[in-house]
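J.: File name input.csv; file contents CSV, C-alpha atoms; full text below.
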chain,number,residue,atom,x,y,z
K,771,MET,CA,-4.7,4.2,-20.4
K,772,THR,CA,-5.6,3.5,-24.0
K,773,LEU,CA,-5.5,-0.2,-24.7
K,774,SER,CA,-4.8,-1.1,-28.3
K,775,PRO,CA,-3.7,-4.5,-29.7
K,776,GLN,CA,0.0,-4.6,-30.4
K,777,LEU,CA,1.1,-8.1,-30.9
K,778,SER,CA,-0.3,-11.4,-32.2
K,779,SER,CA,-2.8,-13.2,-30.0
K,780,SER,CA,-1.0,-16.5,-30.7
K,781,LEU,CA,1.3,-16.0,-27.7
K,782,SER,CA,0.5,-17.8,-24.4
K,783,LEU,CA,0.6,-16.0,-21.1
K,784,GLU,CA,3.9,-17.7,-20.3
K,785,GLU,CA,5.4,-16.6,-23.6
K,786,PHE,CA,4.1,-13.0,-23.0
K,787,LEU,CA,5.8,-13.0,-19.5
K,788,ASN,CA,9.1,-13.9,-21.2
K,789,LEU,CA,9.0,-10.9,-23.5
K,790,PRO,CA,11.1,-7.9,-22.6
K,791,GLU,CA,9.1,-5.2,-20.7
K,792,THR,CA,7.8,-2.3,-22.8
K,793,LYS,CA,7.5,1.3,-21.8
K,794,PRO,CA,4.8,2.1,-21.3
K,795,ALA,CA,3.8,-1.4,-20.0
K,796,SER,CA,1.9,-4.0,-22.0
K,797,GLU,CA,-0.8,-6.2,-20.6
K,798,TYR,CA,-2.0,-9.6,-21.6
K,799,ILE,CA,-5.8,-9.9,-21.7
K,800,GLU,CA,-7.7,-12.8,-23.2
K,801,GLY,CA,-4.8,-13.8,-25.5
K,802,ASN,CA,-4.2,-10.2,-26.7
K,803,ILE,CA,-1.4,-7.9,-25.9
K,804,TYR,CA,-2.3,-4.2,-25.3
K,805,GLN,CA,0.2,-1.4,-24.6
K,806,LYS,CA,-0.8,1.2,-22.0
K,807,PRO,CA,-0.6,4.8,-23.2
K,808,MET,CA,2.0,7.2,-21.9
K,809,ALA,CA,0.6,9.0,-18.8
K,810,GLN,CA,-0.3,12.7,-19.2
K,811,GLY,CA,-0.4,15.4,-16.5
K,812,LYS,CA,-3.6,14.8,-14.6
K,813,HIS,CA,-3.2,11.0,-14.8
K,814,SER,CA,0.5,11.2,-13.7
K,815,ILE,CA,0.0,13.5,-10.7
K,816,ILE,CA,-2.9,11.4,-9.3
K,817,GLN,CA,-0.9,8.2,-9.9
K,818,THR,CA,2.0,9.8,-8.0
K,819,ARG,CA,0.2,11.5,-5.1
K,820,LEU,CA,-2.6,9.1,-4.4
K,821,PRO,CA,-0.4,6.1,-3.6
K,822,ALA,CA,1.7,8.3,-1.4
K,823,THR,CA,-1.4,9.4,0.5
K,824,ILE,CA,-2.6,5.8,0.9
K,825,ASN,CA,0.9,4.7,2.1
K,826,GLN,CA,0.9,7.5,4.7
K,827,VAL,CA,-2.2,5.9,6.2
K,828,GLY,CA,-1.5,2.2,5.6
K,829,GLU,CA,2.3,1.7,5.6
K,830,PRO,CA,3.4,2.8,9.1
K,831,SER,CA,0.9,0.4,10.8
K,832,GLN,CA,1.7,-2.3,8.2
K,833,LYS,CA,-1.9,-2.5,7.0
K,834,THR,CA,-1.5,-1.8,3.2
K,835,LEU,CA,1.0,-0.9,0.6
K,836,ALA,CA,0.1,1.0,-2.6
K,837,LEU,CA,2.3,0.5,-5.6
K,838,THR,CA,2.2,2.0,-9.1
K,839,GLU,CA,2.5,0.2,-12.4
K,840,LEU,CA,2.9,-3.1,-10.7
K,841,ARG,CA,2.5,-6.2,-12.9
K,842,CYS,CA,-0.1,-8.5,-11.4
K,843,THR,CA,-0.5,-11.9,-13.1
K,844,PHE,CA,-3.6,-14.0,-12.1
K,845,GLY,CA,-6.6,-15.6,-13.7
K,846,GLY,CA,-4.9,-16.1,-17.0
K,847,ARG,CA,-4.2,-12.4,-17.5
K,848,SER,CA,-1.2,-10.1,-16.7
K,849,LEU,CA,-2.4,-6.6,-15.8
K,850,VAL,CA,-0.6,-3.5,-14.8
K,851,PRO,CA,-3.1,-1.4,-12.7
K,852,ASP,CA,-2.3,2.3,-12.4
K,853,ILE,CA,-2.3,1.7,-8.7
K,854,ALA,CA,-2.4,-1.7,-6.9
K,855,VAL,CA,-3.0,-1.8,-3.2
K,856,PHE,CA,-2.2,-4.9,-1.2
K,857,GLU,CA,-3.1,-5.8,2.3
K,858,TRP,CA,0.2,-6.2,4.2
K,859,SER,CA,-0.3,-9.9,4.8
K,860,ARG,CA,-0.6,-10.6,1.1
K,861,ILE,CA,2.6,-8.8,0.0
K,862,PRO,CA,4.8,-11.5,-1.5
K,863,THR,CA,8.3,-11.6,-0.2
K,864,ASP,CA,11.5,-13.3,-1.2
K,865,ALA,CA,13.9,-15.5,0.9
K,866,ASN,CA,15.4,-12.3,2.4
K,867,GLY,CA,12.1,-11.0,3.6
K,868,GLU,CA,12.2,-8.3,0.9
K,869,ILE,CA,9.3,-7.5,-1.4
K,870,ALA,CA,9.2,-10.0,-4.3
K,871,ASN,CA,9.6,-8.9,-7.9
K,872,THR,CA,6.8,-11.1,-9.1
K,873,PHE,CA,3.2,-10.6,-8.0
K,874,ASN,CA,1.2,-13.7,-9.1
K,875,SER,CA,-2.0,-12.5,-7.5
K,876,TYR,CA,-4.8,-9.9,-7.7
K,877,PRO,CA,-4.5,-6.6,-5.8
K,878,ASP,CA,-6.8,-6.2,-2.9
K,879,TRP,CA,-7.7,-2.7,-4.3
K,880,THR,CA,-7.2,-1.7,-7.9
K,881,ILE,CA,-7.3,1.9,-9.0
K,882,GLU,CA,-7.4,3.0,-12.7
K,883,ILE,CA,-7.3,6.6,-13.9
K,884,LEU,CA,-8.9,7.4,-17.2
K,885,SER,CA,-6.6,9.1,-19.7
K,886,PRO,CA,-7.7,11.3,-22.7
K,887,ASN,CA,-8.6,9.2,-25.8
K,888,GLN,CA,-8.9,6.1,-23.7
K,889,TYR,CA,-11.6,3.4,-24.1
K,890,PRO,CA,-13.4,3.6,-20.7
K,891,ASN,CA,-15.1,0.2,-21.1
K,892,ARG,CA,-11.8,-1.6,-21.6
K,893,VAL,CA,-10.5,-0.1,-18.4
K,894,ILE,CA,-13.7,-0.8,-16.5
K,895,ASN,CA,-13.5,-4.4,-17.8
K,896,LYS,CA,-10.1,-4.7,-16.1
K,897,ILE,CA,-11.6,-3.6,-12.8
K,898,ILE,CA,-14.5,-6.0,-13.2
K,899,PHE,CA,-12.1,-8.9,-14.0
K,900,CYS,CA,-10.1,-8.0,-10.8
K,901,ILE,CA,-13.3,-8.0,-8.7
K,902,SER,CA,-14.3,-11.3,-10.2
K,903,ASN,CA,-11.0,-12.8,-9.2
K,904,GLY,CA,-10.7,-11.7,-5.5
K,905,THR,CA,-10.1,-8.0,-5.5
K,906,LYS,CA,-12.1,-6.3,-2.8
K,907,LEU,CA,-12.4,-2.8,-4.1
K,908,GLY,CA,-11.9,-1.0,-7.4
K,909,TRP,CA,-11.9,2.7,-8.2
K,910,PHE,CA,-12.2,4.1,-11.7
K,911,ILE,CA,-11.1,7.8,-11.6
K,912,ASP,CA,-12.3,10.2,-14.3
K,913,PRO,CA,-10.4,13.4,-13.9
K,914,ASP,CA,-12.5,15.3,-16.6
K,915,ASP,CA,-15.9,14.3,-15.0
K,916,ARG,CA,-14.5,14.7,-11.4
K,917,SER,CA,-16.1,11.4,-10.6
K,918,ILE,CA,-15.0,8.1,-9.2
K,919,MET,CA,-16.9,4.9,-10.1
K,920,VAL,CA,-16.6,2.4,-7.2
K,921,PHE,CA,-16.6,-1.4,-7.7
K,922,GLN,CA,-17.1,-3.9,-4.9
K,923,PRO,CA,-18.0,-7.7,-5.0
K,924,ASN,CA,-21.7,-8.6,-5.3
K,925,GLN,CA,-22.7,-4.9,-5.8
K,926,LEU,CA,-23.6,-2.7,-8.7
K,927,PRO,CA,-21.0,0.0,-9.4
K,928,SER,CA,-21.8,3.4,-7.9
K,929,VAL,CA,-20.5,6.8,-9.1
K,930,LYS,CA,-19.3,9.2,-6.4
K,931,TYR,CA,-18.9,13.0,-6.7
K,932,ASP,CA,-17.6,16.0,-4.6
K,933,THR,CA,-18.2,15.4,-0.9
K,934,ASP,CA,-19.2,11.7,-1.2
K,935,VAL,CA,-17.1,9.5,1.1
K,936,LEU,CA,-15.3,6.8,-0.8
K,937,PRO,CA,-15.1,3.2,0.4
K,938,VAL,CA,-11.6,2.0,1.3
K,939,LEU,CA,-10.3,-1.4,2.4
K,940,ASN,CA,-11.5,-2.6,5.8
K,941,THR,CA,-7.9,-2.5,7.0
K,942,LEU,CA,-8.0,1.3,6.5
K,943,SER,CA,-11.5,1.8,8.0
K,944,ASN,CA,-10.3,4.7,10.2
K,945,TRP,CA,-9.4,6.7,7.1
K,946,GLN,CA,-12.1,8.8,5.4
K,947,VAL,CA,-11.5,10.2,2.0
K,948,GLN,CA,-13.9,12.2,-0.2
K,949,VAL,CA,-14.0,12.4,-4.0
K,950,ALA,CA,-12.9,16.1,-3.6
K,951,ASP,CA,-9.8,15.0,-1.6
K,952,VAL,CA,-8.7,12.8,-4.6
K,953,PHE,CA,-9.2,15.6,-7.1
K,954,SER,CA,-7.4,18.2,-4.8
K,955,LEU,CA,-4.3,16.2,-5.7
K,956,LEU,CA,-4.5,17.9,-9.1
K,957,LYS,CA,-3.6,21.3,-7.7
K,958,VAL,CA,-0.1,22.5,-8.3
K,959,LYS,CA,0.8,24.1,-5.0
The structure given in the file should be rewritten as structure tokens.
T.:
Amino acid sequence: MTLSPQLSSSLSLEEFLNLPETKPASEYIEGNIYQKPMAQGKHSIIQTRLPATINQVGEPSQKTLALTELRCTFGGRSLVPDIAVFEWSRIPTDANGEIANTFNSYPDWTIEILSPNQYPNRVINKIIFCISNGTKLGWFIDPDDRSIMVFQPNQLPSVKYDTDVLPVLNTLSNWQVQVADVFSLLKVK
């Protein structure tokens, strides 16, 4: 996702949240508004298939729920991760017991997919911000390099390739996924 300033930085977070949603989504970061780029093929297919895979593992047992393009507002920012995964007990619900529309919290696991012509450090900064504010796991997926950079609290990031096993949330500890499994999602079958 390419992040480029779009609107004046004089808006408060509350004022930003009252603006109409944009397509693609805009994010509020340190007083600036950035619009995400339109997803392209590799980004889009990973963003579609990976949450479905995570949900096949985590949803039936009510352990986790993976959602795409979900606005998460916390720590003075309003971010829209490519994929946000929440542990079941942290999914906000409304009075009817249905999933809430507003998520005023960090995801437990944030996943970002690098798009062509995107600024990697801006995307990495979003993951670091999430980790610094309670997120337990971050993946930065680079489809061109076929690598996944992993972020966890109190650890240096690590880069994983090929048959490296990726860390997942503790609630999904029985699930093992390799880097190659993620990039196999790119195949058109």
J.: Using all atoms listed in the file, tabulate the residues of segment 830-891 of chain K lying at most 10 Å from any atom of segment 797-818 of chain K, each with its closest atom pair and that distance in Å to one decimal, by chain and increasing residue number, as a Markdown table.
T.:
| residue | atom | partner | partner_atom | distance |
| --- | --- | --- | --- | --- |
| K:Leu837 | CA | K:Gln817 | CA | 9.4 |
| K:Thr838 | CA | K:Gln817 | CA | 7.0 |
| K:Glu839 | CA | K:Gln817 | CA | 9.0 |
| K:Arg841 | CA | K:Glu797 | CA | 8.4 |
| K:Cys842 | CA | K:Glu797 | CA | 9.5 |
| K:Thr843 | CA | K:Tyr798 | CA | 8.9 |
| K:Gly845 | CA | K:Ile799 | CA | 9.9 |
| K:Gly846 | CA | K:Glu800 | CA | 7.6 |
| K:Arg847 | CA | K:Ile799 | CA | 5.1 |
| K:Ser848 | CA | K:Tyr798 | CA | 5.0 |
| K:Leu849 | CA | K:Glu797 | CA | 5.1 |
| K:Val850 | CA | K:Glu797 | CA | 6.4 |
| K:Pro851 | CA | K:Glu797 | CA | 9.5 |
| K:Asp852 | CA | K:Gln817 | CA | 6.6 |
| K:Ile853 | CA | K:Gln817 | CA | 6.8 |
| K:Ile881 | CA | K:Gln817 | CA | 9.0 |
| K:Glu882 | CA | K:Gln817 | CA | 8.8 |
| K:Ile883 | CA | K:His813 | CA | 6.1 |
| K:Leu884 | CA | K:His813 | CA | 7.2 |
| K:Ser885 | CA | K:His813 | CA | 6.3 |
| K:Pro886 | CA | K:Gln810 | CA | 8.3 |
| K:Asn887 | CA | K:Pro807 | CA | 9.5 |
| K:Gln888 | CA | K:Pro807 | CA | 8.4 |
J.: Write the selection just made, keeping C-alpha atoms, as a compact mmCIF listing (two decimals), in the frame of the given file?
T.:
# COMPACT_ATOMS: atom_id res chain seq x y z
CA LEU K 837 2.30 0.50 -5.60
CA THR K 838 2.20 2.00 -9.10
CA GLU K 839 2.50 0.20 -12.40
CA ARG K 841 2.50 -6.20 -12.90
CA CYS K 842 -0.10 -8.50 -11.40
CA THR K 843 -0.50 -11.90 -13.10
CA GLY K 845 -6.60 -15.60 -13.70
CA GLY K 846 -4.90 -16.10 -17.00
CA ARG K 847 -4.20 -12.40 -17.50
CA SER K 848 -1.20 -10.10 -16.70
CA LEU K 849 -2.40 -6.60 -15.80
CA VAL K 850 -0.60 -3.50 -14.80
CA PRO K 851 -3.10 -1.40 -12.70
CA ASP K 852 -2.30 2.30 -12.40
CA ILE K 853 -2.30 1.70 -8.70
CA ILE K 881 -7.30 1.90 -9.00
CA GLU K 882 -7.40 3.00 -12.70
CA ILE K 883 -7.30 6.60 -13.90
CA LEU K 884 -8.90 7.40 -17.20
CA SER K 885 -6.60 9.10 -19.70
CA PRO K 886 -7.70 11.30 -22.70
CA ASN K 887 -8.60 9.20 -25.80
CA GLN K 888 -8.90 6.10 -23.70
J.: Go through K:Ala822, K:Leu840, K:Ala870, K:Val929 one by one, measure the shortest atom-to-atom distance of each to Arg916 of chain K using all atoms listed in the file, and give the residue with the smallest value.
T.: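 Of K:Ala822, K:Leu840, K:Ala870, K:Val929, the one nearest Arg916 of chain K, counting all atoms listed in the file, is K:Val929.
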J.: Leaving out Leu939 of chain K and any residue of its chain fewer than 3 positions from it, which residues lie within 9 Å of it when counting only C-alpha atoms, given as a list in words?
T.: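 What passes the distance filter is Thr834, Glu857, Asp878, Trp879, Lys906, Leu907, Leu942 and Ser943 of chain K.
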J.: Rank nothing, just name the residue among K:Thr863, K:Thr880, K:Gln946, K:Ser875 nearest to Val920 of chain K, using all atoms listed in the file.
T.: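 So, comparing all the options, the nearest one is K:Thr880.
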J.: What does the distance between atom CA of Asn903 of chain K and atom CA of Ser796 of chain K come to in Å, to one decimal place?
T.: 20.2 Å
J.: Counting only C-alpha atoms, select every polymer residue within 9 Å of (-14.4, 6.3, -3.3) as defined in the file's coordinates, and provide the selection as a CSV table (one decimal) with C-alpha atoms, in the frame of the given file.
T.:
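Listing of out17.csv after writing:
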chain,number,residue,atom,x,y,z
K,908,GLY,CA,-11.9,-1.0,-7.4
K,909,TRP,CA,-11.9,2.7,-8.2
K,910,PHE,CA,-12.2,4.1,-11.7
K,918,ILE,CA,-15.0,8.1,-9.2
K,919,MET,CA,-16.9,4.9,-10.1
K,920,VAL,CA,-16.6,2.4,-7.2
K,929,VAL,CA,-20.5,6.8,-9.1
K,930,LYS,CA,-19.3,9.2,-6.4
K,931,TYR,CA,-18.9,13.0,-6.7
K,934,ASP,CA,-19.2,11.7,-1.2
K,935,VAL,CA,-17.1,9.5,1.1
K,936,LEU,CA,-15.3,6.8,-0.8
K,937,PRO,CA,-15.1,3.2,0.4
K,938,VAL,CA,-11.6,2.0,1.3
K,947,VAL,CA,-11.5,10.2,2.0
K,948,GLN,CA,-13.9,12.2,-0.2
K,949,VAL,CA,-14.0,12.4,-4.0
K,952,VAL,CA,-8.7,12.8,-4.6
J.: Just give me the gap between atom CA of Ser782 of chain K and atom CA of Lys896 of chain K in Å, one decimal is fine.
T.: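 Separation between atom CA of Ser782 of chain K and atom CA of Lys896 of chain K: 18.8 Å.
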J.: Could you jot down the atom CA of Cys900 of chain K to atom CA of Phe844 of chain K separation for me, Å, one decimal place?
T.: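 Taking atom CA of Cys900 of chain K and atom CA of Phe844 of chain K, their separation equals 8.9 Å.
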J.: Using only C-alpha atoms, find the one residue out of K:Ala795, K:Leu787, K:Ser954, K:Asp912 that sits nearest to Thr872 of chain K.
T.: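 Checking each of K:Ala795, K:Leu787, K:Ser954, K:Asp912 against Thr872 of chain K, counting only C-alpha atoms, the winner is K:Leu787.
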J.: Choose the residue, out of K:Asn940, K:Thr905, K:Thr933, K:Gln832, that has the smallest atom-to-atom separation from Tyr876 of chain K; count only C-alpha atoms.
T.: K:Thr905
